[in-house]
$ cat run_17.cif   # mmCIF, C-alpha atoms
data_run
loop_
_atom_site.label_atom_id
_atom_site.label_comp_id
_atom_site.auth_asym_id
_atom_site.auth_seq_id
_atom_site.Cartn_x
_atom_site.Cartn_y
_atom_site.Cartn_z
CA MET Y 132 0.00 0.00 0.00
CA LYS Y 133 1.51 3.33 -1.06
CA THR Y 134 1.42 6.26 1.34
CA VAL Y 135 0.38 9.79 0.37
CA ALA Y 136 1.11 12.98 2.30
CA TYR Y 137 -0.56 16.25 1.34
CA HIS Y 138 -0.51 19.98 1.99
CA ASN Y 139 -3.24 22.39 0.94
CA LEU Y 140 -2.71 26.12 0.37
CA GLY Y 141 -5.24 28.83 -0.39
CA CYS Y 142 -9.01 29.16 -0.44
CA LYS Y 143 -12.05 27.07 0.50
CA VAL Y 144 -12.36 25.93 -3.12
CA ASN Y 145 -8.85 24.47 -2.88
CA SER Y 146 -9.86 22.76 0.40
CA TYR Y 147 -12.93 21.23 -1.26
CA GLU Y 148 -10.86 19.96 -4.18
CA MET Y 149 -8.20 18.61 -1.83
CA ASP Y 150 -10.87 16.65 0.06
CA ALA Y 151 -12.12 15.23 -3.25
CA MET Y 152 -8.60 14.20 -4.31
CA LEU Y 153 -7.96 12.52 -0.96
CA GLN Y 154 -11.29 10.71 -1.19
CA ALA Y 155 -10.34 9.37 -4.64
CA LEU Y 156 -6.94 8.24 -3.36
CA ARG Y 157 -8.46 6.41 -0.38
CA GLN Y 158 -10.95 4.66 -2.64
CA LYS Y 159 -8.00 3.35 -4.69
CA GLY Y 160 -6.28 1.99 -1.58
CA TYR Y 161 -3.71 4.70 -0.87
CA GLN Y 162 -2.95 5.42 2.79
CA ILE Y 163 -3.01 9.10 3.80
CA VAL Y 164 -0.28 10.19 6.24
CA ALA Y 165 0.87 13.50 7.76
CA PHE Y 166 2.85 15.85 5.54
CA ASP Y 167 5.95 15.74 7.75
CA GLU Y 168 6.13 11.94 7.54
CA LYS Y 169 8.20 10.00 5.03
CA ALA Y 170 5.75 9.07 2.27
CA ASP Y 171 5.82 7.50 -1.19
CA ILE Y 172 3.93 10.42 -2.72
CA TYR Y 173 3.51 14.07 -1.74
CA ILE Y 174 0.71 16.24 -3.11
CA VAL Y 175 0.86 20.02 -2.74
CA ASN Y 176 -2.32 21.86 -3.78
CA THR Y 177 -0.83 25.23 -4.64
CA CYS Y 178 -2.04 28.85 -4.52
CA THR Y 179 -1.02 31.83 -6.65
CA VAL Y 180 -3.08 34.73 -5.31
CA THR Y 181 0.08 36.70 -4.38
CA ASN Y 182 3.82 36.44 -4.93
CA ILE Y 183 3.99 35.23 -1.32
CA ALA Y 184 1.54 32.42 -2.14
CA ASP Y 185 3.78 31.33 -5.02
CA ARG Y 186 6.77 31.32 -2.67
CA LYS Y 187 4.90 29.29 -0.02
CA SER Y 188 3.90 26.80 -2.72
CA ARG Y 189 7.56 26.38 -3.74
CA GLN Y 190 8.62 26.05 -0.10
CA MET Y 191 6.15 23.21 0.51
CA LEU Y 192 7.23 21.40 -2.64
CA HIS Y 193 10.88 21.63 -1.56
CA ARG Y 194 10.02 20.55 1.98
CA ALA Y 195 8.34 17.43 0.61
CA LYS Y 196 11.35 16.50 -1.51
CA LYS Y 197 13.68 17.12 1.44
CA THR Y 198 11.57 14.85 3.68
CA ASN Y 199 11.92 12.00 1.18
CA PRO Y 200 14.23 12.59 -1.80
CA GLU Y 201 12.98 9.30 -3.29
CA GLY Y 202 9.32 10.28 -2.98
CA ILE Y 203 7.19 11.49 -5.89
CA VAL Y 204 6.30 15.17 -5.45
CA VAL Y 205 3.12 16.26 -7.25
CA ALA Y 206 2.40 19.98 -7.71
CA VAL Y 207 -1.29 20.67 -8.30
CA GLY Y 208 -3.48 23.71 -8.90
CA CYS Y 209 -3.25 27.46 -9.36
CA TYR Y 210 0.51 28.09 -9.17
CA VAL Y 211 1.02 25.25 -11.63
CA GLN Y 212 -1.67 26.67 -13.92
CA THR Y 213 -0.16 30.17 -14.11
CA ASP Y 214 3.49 29.16 -14.48
CA PRO Y 215 3.73 25.52 -15.61
CA ARG Y 216 7.20 25.89 -17.17
CA ALA Y 217 8.74 27.20 -13.96
CA VAL Y 218 7.14 24.47 -11.85
CA GLU Y 219 8.09 21.74 -14.30
CA ALA Y 220 11.69 22.98 -14.27
CA ASP Y 221 11.84 22.82 -10.46
CA SER Y 222 14.06 19.89 -9.45
CA ALA Y 223 11.84 19.22 -6.42
CA VAL Y 224 8.79 18.50 -8.60
CA ASP Y 225 8.17 15.20 -10.38
CA LEU Y 226 4.65 15.69 -11.72
CA ILE Y 227 2.46 18.73 -12.40
CA ILE Y 228 -1.34 18.84 -12.63
CA GLY Y 229 -3.23 22.03 -13.46
CA ASN Y 230 -6.77 23.10 -12.68
CA ASN Y 231 -9.69 21.20 -14.24
CA ARG Y 232 -7.51 18.05 -14.08
CA LYS Y 233 -7.68 17.48 -10.31
CA LYS Y 234 -10.53 15.02 -10.78
CA ASP Y 235 -8.08 12.89 -12.81
CA LEU Y 236 -5.37 12.90 -10.13
CA VAL Y 237 -5.41 9.14 -9.47
CA GLU Y 238 -5.41 8.23 -13.17
CA ILE Y 239 -2.57 10.69 -13.94
CA LEU Y 240 -0.57 9.49 -10.93
CA GLU Y 241 -0.95 5.82 -11.77
CA ASN Y 242 -0.02 6.46 -15.39
CA TYR Y 243 3.12 8.20 -14.14
CA LEU Y 244 3.93 5.27 -11.83
CA ASN Y 245 3.59 3.00 -14.87
CA GLY Y 246 5.94 5.15 -16.94
CA VAL Y 247 3.25 6.91 -18.99
CA GLN Y 248 3.15 10.70 -19.00
CA SER Y 249 0.60 12.97 -20.68
CA ALA Y 250 -0.15 16.70 -20.79
CA CYS Y 251 -1.68 17.57 -17.41
CA VAL Y 252 -2.10 21.34 -17.77
CA ILE Y 253 -4.86 22.49 -20.11
CA ASP Y 254 -5.49 25.98 -21.53
CA ILE Y 255 -7.87 26.94 -18.72
CA ASN Y 256 -9.10 30.03 -20.58
CA ARG Y 257 -10.46 27.96 -23.44
CA THR Y 258 -12.54 25.43 -21.54
CA SER Y 259 -16.24 25.64 -20.73
CA GLU Y 260 -16.24 22.33 -18.84
CA TYR Y 261 -17.03 22.39 -15.12
CA GLU Y 262 -14.78 19.91 -13.32
CA GLU Y 263 -17.27 17.67 -11.54
CA MET Y 264 -16.08 16.28 -8.19
CA ARG Y 265 -18.35 14.87 -5.50
CA LEU Y 266 -17.70 14.41 -1.79
CA THR Y 267 -19.21 11.80 0.51
CA SER Y 268 -17.49 13.32 3.58
CA THR Y 269 -15.20 16.24 4.37
CA THR Y 270 -12.36 17.03 6.76
CA GLU Y 271 -14.89 19.02 8.83
CA HIS Y 272 -17.37 17.10 10.95
CA THR Y 273 -20.46 19.33 11.05
CA ARG Y 274 -20.14 21.78 8.15
CA ALA Y 275 -19.70 20.86 4.50
CA TYR Y 276 -18.38 23.22 1.84
CA ILE Y 277 -20.06 22.67 -1.51
CA LYS Y 278 -18.39 23.95 -4.67
CA ILE Y 279 -21.03 25.29 -7.07
CA GLN Y 280 -18.93 27.09 -9.69
CA ASP Y 281 -15.42 27.80 -10.91
CA GLY Y 282 -13.71 30.65 -12.72
CA CYS Y 283 -14.08 34.43 -12.73
CA ASN Y 284 -14.73 37.04 -15.42
CA GLN Y 285 -14.10 40.14 -13.28
CA PHE Y 286 -10.39 40.84 -13.95
CA CYS Y 287 -9.72 43.04 -10.94
CA THR Y 288 -6.38 44.76 -11.51
CA TYR Y 289 -4.72 43.12 -8.48
CA CYS Y 290 -5.87 39.55 -9.16
CA MET Y 291 -4.45 36.57 -11.06
CA ILE Y 292 -7.36 34.24 -10.38
CA PRO Y 293 -9.09 34.57 -13.80
CA TYR Y 294 -5.82 33.38 -15.35
CA ALA Y 295 -5.48 30.51 -12.88
CA ARG Y 296 -9.13 29.41 -12.87
CA GLY Y 297 -10.41 30.47 -16.29
CA ARG Y 298 -13.84 31.81 -17.21
CA VAL Y 299 -17.04 31.22 -15.23
CA ARG Y 300 -18.30 27.64 -15.28
CA SER Y 301 -21.37 26.67 -13.25
CA ARG Y 302 -22.06 23.28 -11.75
CA LYS Y 303 -25.28 21.55 -12.77
CA LYS Y 304 -27.99 21.94 -10.15
CA GLN Y 305 -28.75 18.21 -10.07
CA ASP Y 306 -25.09 17.45 -9.28
CA VAL Y 307 -25.06 19.94 -6.39
CA LEU Y 308 -28.27 18.46 -4.99
CA ALA Y 309 -27.02 14.87 -5.33
CA GLU Y 310 -23.86 15.71 -3.39
CA ILE Y 311 -25.80 17.41 -0.62
CA ARG Y 312 -28.25 14.52 -0.29
CA GLY Y 313 -25.30 12.18 0.17
CA LEU Y 314 -23.73 14.43 2.80
CA VAL Y 315 -27.05 14.77 4.64
CA ALA Y 316 -27.19 10.97 4.78
CA ALA Y 317 -23.67 11.07 6.27
CA GLY Y 318 -24.92 13.37 9.04
CA TYR Y 319 -24.02 16.87 7.85
CA LYS Y 320 -26.49 19.63 8.72
CA GLU Y 321 -24.85 22.86 7.53
CA PHE Y 322 -23.78 23.57 3.96
CA VAL Y 323 -21.65 26.46 2.72
CA LEU Y 324 -21.96 27.26 -0.99
CA THR Y 325 -18.55 28.21 -2.28
CA GLY Y 326 -16.78 28.89 -5.55
CA ILE Y 327 -14.36 31.32 -7.13
CA HIS Y 328 -17.15 33.84 -7.84
CA ILE Y 329 -20.51 32.40 -6.75
CA SER Y 330 -22.39 35.56 -7.70
CA SER Y 331 -21.73 34.53 -11.34
CA TYR Y 332 -23.45 31.17 -10.82
CA GLY Y 333 -25.74 30.49 -13.77
CA MET Y 334 -24.43 33.13 -16.18
CA ASP Y 335 -23.24 30.31 -18.47
CA LEU Y 336 -26.47 28.34 -18.07
CA GLN Y 337 -28.69 30.76 -20.01
CA GLU Y 338 -30.31 31.89 -16.77
CA GLY Y 339 -30.19 35.18 -14.92
CA GLN Y 340 -27.47 34.96 -12.26
CA GLU Y 341 -29.69 36.23 -9.45
CA GLU Y 342 -32.52 33.81 -10.27
CA ALA Y 343 -30.18 30.87 -10.92
CA LEU Y 344 -28.53 31.22 -7.50
CA LEU Y 345 -31.88 31.69 -5.73
CA ALA Y 346 -33.33 28.65 -7.52
CA LEU Y 347 -30.37 26.54 -6.43
CA ILE Y 348 -30.67 27.66 -2.79
CA ARG Y 349 -34.43 26.99 -2.77
CA ALA Y 350 -33.82 23.46 -4.09
CA ILE Y 351 -31.22 22.83 -1.37
CA ASP Y 352 -33.59 24.22 1.24
CA ALA Y 353 -36.18 21.61 0.25
CA ILE Y 354 -33.85 18.67 0.99
CA GLY Y 355 -34.86 16.96 4.23
CA GLY Y 356 -32.12 17.09 6.85
CA VAL Y 357 -30.60 20.38 5.66
CA GLU Y 358 -30.66 22.68 8.69
CA ARG Y 359 -28.47 25.56 7.52
CA ILE Y 360 -27.38 27.05 4.20
CA ARG Y 361 -24.55 29.54 4.27
CA LEU Y 362 -23.23 31.53 1.32
CA GLY Y 363 -19.62 32.20 0.47
CA SER Y 364 -18.39 35.58 -0.73
CA LEU Y 365 -20.92 37.59 -2.76
CA GLU Y 366 -20.35 40.37 -5.25
CA PRO Y 367 -22.34 43.44 -4.11
CA ARG Y 368 -24.06 43.85 -7.48
CA ILE Y 369 -26.05 40.63 -7.08
CA VAL Y 370 -27.92 42.05 -4.09
CA THR Y 371 -31.15 43.57 -5.35
CA GLU Y 372 -34.44 44.07 -3.53
CA THR Y 373 -35.74 40.90 -5.21
CA PHE Y 374 -32.63 38.90 -4.27
CA ALA Y 375 -32.65 40.05 -0.63
CA ALA Y 376 -36.38 39.28 -0.29
CA GLY Y 377 -35.87 35.92 -2.01
CA LEU Y 378 -33.14 34.96 0.46
CA ALA Y 379 -35.23 36.06 3.44
CA ALA Y 380 -38.03 33.74 2.33
CA ILE Y 381 -35.74 30.67 2.40
CA LYS Y 382 -36.18 28.87 5.72
CA HIS Y 383 -32.68 27.58 6.30
CA ILE Y 384 -30.62 30.46 4.92
CA CYS Y 385 -28.13 31.85 7.43
CA PRO Y 386 -28.23 35.67 7.76
CA HIS Y 387 -24.45 35.88 7.37
CA PHE Y 388 -23.31 37.62 4.20
CA HIS Y 389 -19.76 38.26 3.08
CA LEU Y 390 -19.97 41.20 0.68
CA SER Y 391 -16.59 41.85 -0.88
CA LEU Y 392 -15.67 45.56 -0.58
CA GLN Y 393 -11.84 45.92 -0.96
CA SER Y 394 -11.97 49.71 -0.46
CA GLY Y 395 -14.41 52.28 0.80
CA CYS Y 396 -12.95 54.94 -1.52
CA GLY Y 397 -14.45 55.37 -4.99
CA SER Y 398 -11.23 56.37 -6.76
CA VAL Y 399 -9.40 53.33 -5.37
CA LEU Y 400 -12.27 51.06 -6.44
CA LYS Y 401 -11.92 52.40 -9.99
CA ARG Y 402 -8.20 51.61 -10.04
CA MET Y 403 -9.04 48.14 -8.77
CA ASN Y 404 -11.59 47.69 -11.59
CA ARG Y 405 -14.34 46.99 -9.05
CA HIS Y 406 -17.71 47.69 -10.63
CA TYR Y 407 -19.53 49.62 -7.90
CA THR Y 408 -19.20 52.79 -5.87
CA PRO Y 409 -19.17 53.02 -2.06
CA GLU Y 410 -22.66 54.51 -2.22
CA GLU Y 411 -23.96 51.56 -4.26
CA TYR Y 412 -22.29 49.14 -1.85
CA LEU Y 413 -24.03 50.77 1.13
CA GLN Y 414 -27.38 50.43 -0.67
CA LYS Y 415 -26.78 46.67 -0.92
CA VAL Y 416 -25.99 46.46 2.80
CA ASP Y 417 -29.19 48.37 3.58
CA LEU Y 418 -31.24 45.95 1.44
CA LEU Y 419 -29.93 42.98 3.44
CA ARG Y 420 -30.51 44.77 6.75
CA GLY Y 421 -34.03 45.56 5.63
CA ALA Y 422 -34.74 41.92 4.77
CA PHE Y 423 -33.21 40.33 7.90
CA ALA Y 424 -33.53 41.29 11.58
CA HIS Y 425 -29.82 41.39 12.49
CA PRO Y 426 -27.73 40.03 9.63
CA ALA Y 427 -23.97 39.60 9.97
CA ILE Y 428 -22.28 41.58 7.21
CA THR Y 429 -18.60 40.75 6.76
CA THR Y 430 -16.09 41.93 4.18
CA ASP Y 431 -12.53 42.13 2.87
CA VAL Y 432 -10.57 45.39 2.77
CA ILE Y 433 -7.21 45.98 1.10
CA VAL Y 434 -5.01 48.76 2.48
CA GLY Y 435 -2.08 50.28 0.64
CA PHE Y 436 -3.34 49.62 -2.89
CA PRO Y 437 -1.02 51.34 -5.41
CA GLY Y 438 -1.57 55.08 -5.36
CA GLU Y 439 -3.72 55.03 -2.21
CA THR Y 440 -3.14 58.43 -0.59
CA GLN Y 441 -3.70 59.15 3.07
CA GLU Y 442 -6.85 61.02 2.05
CA GLU Y 443 -8.14 58.01 0.12
CA PHE Y 444 -7.40 55.73 3.04
CA GLU Y 445 -9.24 58.10 5.37
CA ALA Y 446 -12.27 58.04 3.03
CA SER Y 447 -12.16 54.24 3.13
CA ARG Y 448 -11.85 54.24 6.93
CA GLN Y 449 -14.80 56.57 7.34
CA PHE Y 450 -16.87 54.41 5.01
CA VAL Y 451 -16.23 51.12 6.81
CA GLU Y 452 -16.86 52.85 10.15
CA ALA Y 453 -20.25 53.98 8.84
CA VAL Y 454 -21.19 50.49 7.58
CA ARG Y 455 -20.41 48.80 10.94
CA PHE Y 456 -19.32 45.35 9.78
CA TYR Y 457 -19.50 42.27 11.98
CA GLU Y 458 -16.07 41.23 10.74
CA MET Y 459 -13.49 42.74 8.40
CA HIS Y 460 -10.65 40.71 6.91
CA ILE Y 461 -7.94 43.31 6.37
CA PHE Y 462 -5.16 42.66 3.88
CA LYS Y 463 -2.09 44.72 3.17
CA TYR Y 464 -1.78 45.01 -0.59
CA SER Y 465 0.69 42.43 -1.88
CA SER Y 466 2.00 42.81 -5.39
CA ARG Y 467 1.33 39.96 -7.80
CA LYS Y 468 3.57 39.74 -10.85
CA GLY Y 469 1.50 39.67 -14.03
CA THR Y 470 -1.30 41.92 -12.78
CA LYS Y 471 -1.95 45.53 -13.83
CA ALA Y 472 -1.69 46.73 -10.23
CA ALA Y 473 1.89 45.48 -9.96
CA GLU Y 474 2.88 47.93 -12.72
CA MET Y 475 0.99 50.91 -11.30
CA PRO Y 476 2.97 53.94 -10.11
CA SER Y 477 3.06 55.20 -6.52
CA GLN Y 478 3.39 51.87 -4.74
CA VAL Y 479 2.66 52.38 -1.03
CA SER Y 480 5.40 51.78 1.56
CA GLU Y 481 5.23 48.84 3.94
CA ALA Y 482 5.30 51.26 6.88
CA ALA Y 483 2.17 53.01 5.59
CA LYS Y 484 0.44 49.67 4.93
CA ASN Y 485 1.21 48.51 8.47
CA ALA Y 486 -0.10 51.72 10.01
CA ARG Y 487 -3.31 51.68 7.96
CA SER Y 488 -3.88 48.00 8.67
CA GLY Y 489 -3.52 48.66 12.42
CA VAL Y 490 -6.14 51.43 12.30
CA LEU Y 491 -8.68 49.18 10.57
CA GLN Y 492 -7.88 46.18 12.78
CA GLU Y 493 -8.75 48.23 15.85
CA LEU Y 494 -11.97 49.46 14.23
CA ALA Y 495 -12.86 45.88 13.25
CA ARG Y 496 -12.39 44.64 16.83
CA ARG Y 497 -14.63 47.38 18.20
CA ASP Y 498 -17.44 46.84 15.68
CA SER Y 499 -17.25 43.07 16.07
CA ASN Y 500 -17.73 43.33 19.84
CA VAL Y 501 -20.68 45.68 19.32
CA PHE Y 502 -22.29 43.14 16.99
CA ARG Y 503 -21.81 40.28 19.48
CA SER Y 504 -23.13 42.39 22.37
CA TYR Y 505 -26.51 42.48 20.64
CA TYR Y 506 -27.04 38.86 21.69
CA LEU Y 507 -26.58 39.37 25.44
CA GLY Y 508 -29.76 38.20 27.14
CA ARG Y 509 -31.20 36.81 23.89
CA ASN Y 510 -31.84 33.23 22.84
CA VAL Y 511 -29.67 31.90 20.03
CA GLU Y 512 -29.56 28.64 18.07
CA VAL Y 513 -26.10 27.06 18.02
CA LEU Y 514 -24.71 24.19 15.97
CA PHE Y 515 -21.98 22.74 18.18
CA GLU Y 516 -18.77 21.53 16.57
CA GLU Y 517 -16.01 20.74 19.06
CA LYS Y 518 -15.00 20.47 22.71
CA LYS Y 519 -12.12 22.63 23.92
CA GLU Y 520 -10.42 23.73 27.13
CA ILE Y 521 -10.42 27.50 27.69
CA GLU Y 522 -8.73 29.04 30.73
CA GLY Y 523 -8.80 25.74 32.60
CA LYS Y 524 -12.46 24.89 31.90
CA VAL Y 525 -13.91 22.62 29.21
CA TYR Y 526 -16.50 24.04 26.82
CA TRP Y 527 -18.42 22.97 23.77
CA LEU Y 528 -17.98 25.48 20.95
CA GLY Y 529 -20.24 26.18 18.00
CA HIS Y 530 -21.70 28.96 15.88
CA THR Y 531 -25.00 30.79 15.57
CA ARG Y 532 -26.68 31.25 12.20
CA GLU Y 533 -24.87 34.60 12.00
CA TYR Y 534 -21.55 32.80 12.54
CA VAL Y 535 -20.97 34.16 16.02
CA LYS Y 536 -18.90 31.73 18.10
CA VAL Y 537 -20.68 30.47 21.23
CA ALA Y 538 -19.41 28.43 24.17
CA VAL Y 539 -21.36 26.37 26.67
CA PRO Y 540 -19.78 24.65 29.71
CA ASP Y 541 -19.32 20.91 29.26
CA CYS Y 542 -21.72 18.98 31.46
CA GLY Y 543 -20.86 15.49 30.22
CA LYS Y 544 -23.32 15.44 27.33
CA ALA Y 545 -21.98 15.08 23.78
CA LEU Y 546 -23.11 18.08 21.76
CA GLU Y 547 -21.13 17.65 18.54
CA ASN Y 548 -23.33 18.27 15.49
CA GLN Y 549 -26.30 19.10 17.74
CA LEU Y 550 -28.50 22.19 17.37
CA VAL Y 551 -29.16 23.73 20.78
CA THR Y 552 -31.05 26.90 21.68
CA GLY Y 553 -30.22 28.85 24.82
CA LYS Y 554 -29.78 32.29 26.34
CA VAL Y 555 -26.53 34.24 25.99
CA THR Y 556 -25.25 35.31 29.42
CA GLY Y 557 -21.94 37.05 28.70
CA PHE Y 558 -18.56 37.00 26.99
CA LEU Y 559 -15.81 34.39 27.20
CA GLY Y 560 -12.78 36.37 26.11
CA ASP Y 561 -13.05 38.90 23.28
CA GLU Y 562 -14.45 36.77 20.47
CA VAL Y 563 -16.76 34.22 22.09
CA ILE Y 564 -20.13 34.66 23.77
CA ILE Y 565 -21.24 32.19 26.40
CA MET Y 566 -24.61 30.48 26.60
CA ALA Y 567 -26.35 29.01 29.63
CA GLN Y 568 -27.01 25.27 29.58
#

$ encode --input "run_17.cif" --output "structure tokens"
Amino acid sequence: MKTVAYHNLGCKVNSYEMDAMLQALRQKGYQIVAFDEKADIYIVNTCTVTNIADRKSRQMLHRAKKTNPEGIVVAVGCYVQTDPRAVEADSAVDLIIGNNRKKDLVEILENYLNGVQSACVIDINRTSEYEEMRLTSTTEHTRAYIKIQDGCNQFCTYCMIPYARGRVRSRKKQDVLAEIRGLVAAGYKEFVLTGIHISSYGMDLQEGQEEALLALIRAIDAIGGVERIRLGSLEPRIVTETFAAGLAAIKHICPHFHLSLQSGCGSVLKRMNRHYTPEEYLQKVDLLRGAFAHPAITTDVIVGFPGETQEEFEASRQFVEAVRFYEMHIFKYSSRKGTKAAEMPSQVSEAAKNARSGVLQELARRDSNVFRSYYLGRNVEVLFEEKKEIEGKVYWLGHTREYVKVAVPDCGKALENQLVTGKVTGFLGDEVIIMAQ
């Protein structure tokens, strides 16, 4: 029996695809071991979102070869897709597999073991095929991520993903539903719809994007055993009055919406090639807040984008302060070779990026605590996930529908994958609220 070690880099889509590759390997009799163990085969699912991601991908490939110089090192995914010649020329790498070929990993690997090699990196920009993969279980025990689409047509000036993932390709609704039915039978209750750009779901299926995504969510909602449906990152433009009302009418939808912002300054958004203004973005937030009682609105913000002046940063800061997000993921702009932004003048210093990031991090902590404080004295429904010791006491931890982390003292009853409703009595540290048993 051959052993396989793996390391996954990057986004939730990569995690989903890694789970699918591991599932296929297990079904063929391979034994999965830890990445730092000596193995026959090493698989690194790479990322290319920044130059740093490329470097981390190379580091993991070299670490694998160093752990076992005789082992077969397989580089898979986005870094491979964007620079196949460089990866193929790397002495640490034995086999490369690009995107849309991950489903064929076992076949490609076994052909290689038998001395047969074939082209394993396609022209991702010329395919309209969605790479169908289906999970029967995931590395998480209570929450399953479901990939519903691939590719992106947005071409933001800082982003390489359209070149790594190709154009938008939507998964057939019946395939999504079949996967979820299987995972419900395996005990999963919460499902997170993910993809490279899920707001584009359906644009290649001769349907309106808004209606196609709503129709898919409604069909998932009707599956017995589904208790929660959570959405991955949404593009602000998909949120219309009809879309917000349609979501609010779906029983199991979680009122937790990640609306990608990137900057609260209009001139910076234009340089980023983002197709909305701050004012339009705020309208979308208001639509969701009008449709749901207390929705969690989360976002991403980039500081130090090329040319961002102190005045532009201050406009962005004032905007995000006015929106009052539940959570902000704050990124310091990182140049990516091959993107338009990398060639823009007036690159911002690291010192300025650090200072601006610190300002927004502090604002994010404050607003996040305000959002959580809303639940003090209120009843919440929690899906519990794990047991953990905190400050010498054992607690069960889980999340509300708004993705607020909740703890309850362990009283000897197993709560994993159980939905429990109770009253919030206070805070346990800065980021966790505590619920009475």

$ closest_atom_pairs --input "run_17.cif" --of "stretch 348-398 of chain Y" --to "stretch 286-310 of chain Y" --cutoff "9 Å" --atoms "all atoms listed in the file" --output "CSV"
residue,atom,partner,partner_atom,distance
Y:Ala350,CA,Y:Leu308,CA,7.5
Y:Ile351,CA,Y:Leu308,CA,6.4
Y:Ile354,CA,Y:Leu308,CA,8.2

$ resolve_selection --input "run_17.cif" --expression "the PyMOL selection byres ((chain Y and resi 199) around 12)" --output "list in words"
Thr134, Val135, Ala136, Phe166, Asp167, Glu168, Lys169, Ala170, Asp171, Ile172, Tyr173, Leu192, His193, Arg194, Ala195, Lys196, Lys197, Thr198, Pro200, Glu201, Gly202, Ile203, Val204 and Ala223 of chain Y

$ resolve_selection --input "run_17.cif" --expression "the PyMOL selection byres ((chain Y and resi 526) around 7)" --output "PyMOL selection string"
chain Y and resi 518-520+524-525+527-528+538-541

$ residues_around --input "run_17.cif" --residues "Y:Ile384" --least-positions-apart "3" --cutoff "9 Å" --atoms "all atoms listed in the file" --output "count of residues only"
13

$ residues_around --input "run_17.cif" --residues "Y:Pro215" --least-positions-apart "4" --cutoff "8 Å" --atoms "only C-alpha atoms" --output "ChimeraX atom specification"
/Y:210-211,219,227,252

$ write_last_selection --input "run_17.cif" --atoms "C-alpha atoms" --output "tab-separated table (two decimals), keeping the file's coordinate frame"
chain	number	residue	atom	x	y	z
Y	210	TYR	CA	0.51	28.09	-9.17
Y	211	VAL	CA	1.02	25.25	-11.63
Y	219	GLU	CA	8.09	21.74	-14.30
Y	227	ILE	CA	2.46	18.73	-12.40
Y	252	VAL	CA	-2.10	21.34	-17.77

$ resolve_selection --input "run_17.cif" --expression "the PyMOL selection byres ((chain Y and resi 552) around 10)" --output "list in words"
Asn510, Val511, Glu512, Val513, Leu514, Thr531, Gln549, Leu550, Val551, Gly553, Lys554, Val555, Met566, Ala567 and Gln568 of chain Y

$ residues_around --input "run_17.cif" --residues "stretch 145-154 of chain Y" --least-positions-apart "5" --cutoff "10 Å" --atoms "only C-alpha atoms" --output "PyMOL selection string"
chain Y and resi 135-140+159+161-163+174-178+207-209+230+233-237+262+264-271+275-278+325-327

$ residues_around --input "run_17.cif" --residues "Y:Lys468" --least-positions-apart "4" --cutoff "9 Å" --atoms "all atoms listed in the file" --output "MDAnalysis selection string"
chainID Y and resid 181:182 291 472:474

$ write_last_selection --input "run_17.cif" --atoms "C-alpha atoms" --output "PDB file, keeping the file's coordinate frame"
ATOM      1  CA  THR Y 181       0.080  36.700  -4.380  1.00  0.00           C
ATOM      2  CA  ASN Y 182       3.820  36.440  -4.930  1.00  0.00           C
ATOM      3  CA  MET Y 291      -4.450  36.570 -11.060  1.00  0.00           C
ATOM      4  CA  ALA Y 472      -1.690  46.730 -10.230  1.00  0.00           C
ATOM      5  CA  ALA Y 473       1.890  45.480  -9.960  1.00  0.00           C
ATOM      6  CA  GLU Y 474       2.880  47.930 -12.720  1.00  0.00           C
TER       7      GLU Y 474
END

$ closest_residue --input "run_17.cif" --among "Y:Val537, Y:Ala483, Y:Ala376, Y:Leu491" --to "Y:Ile461" --atoms "all atoms listed in the file"
Y:Leu491

$ axis_aligned_box --input "run_17.cif" --around "stretch 138-153 of chain Y" --padding-each-side "6 Å" --output "JSON"
{"center_x": -6.7, "center_y": 20.8, "center_z": -1.2, "size_x": 24.4, "size_y": 28.6, "size_z": 18.3}
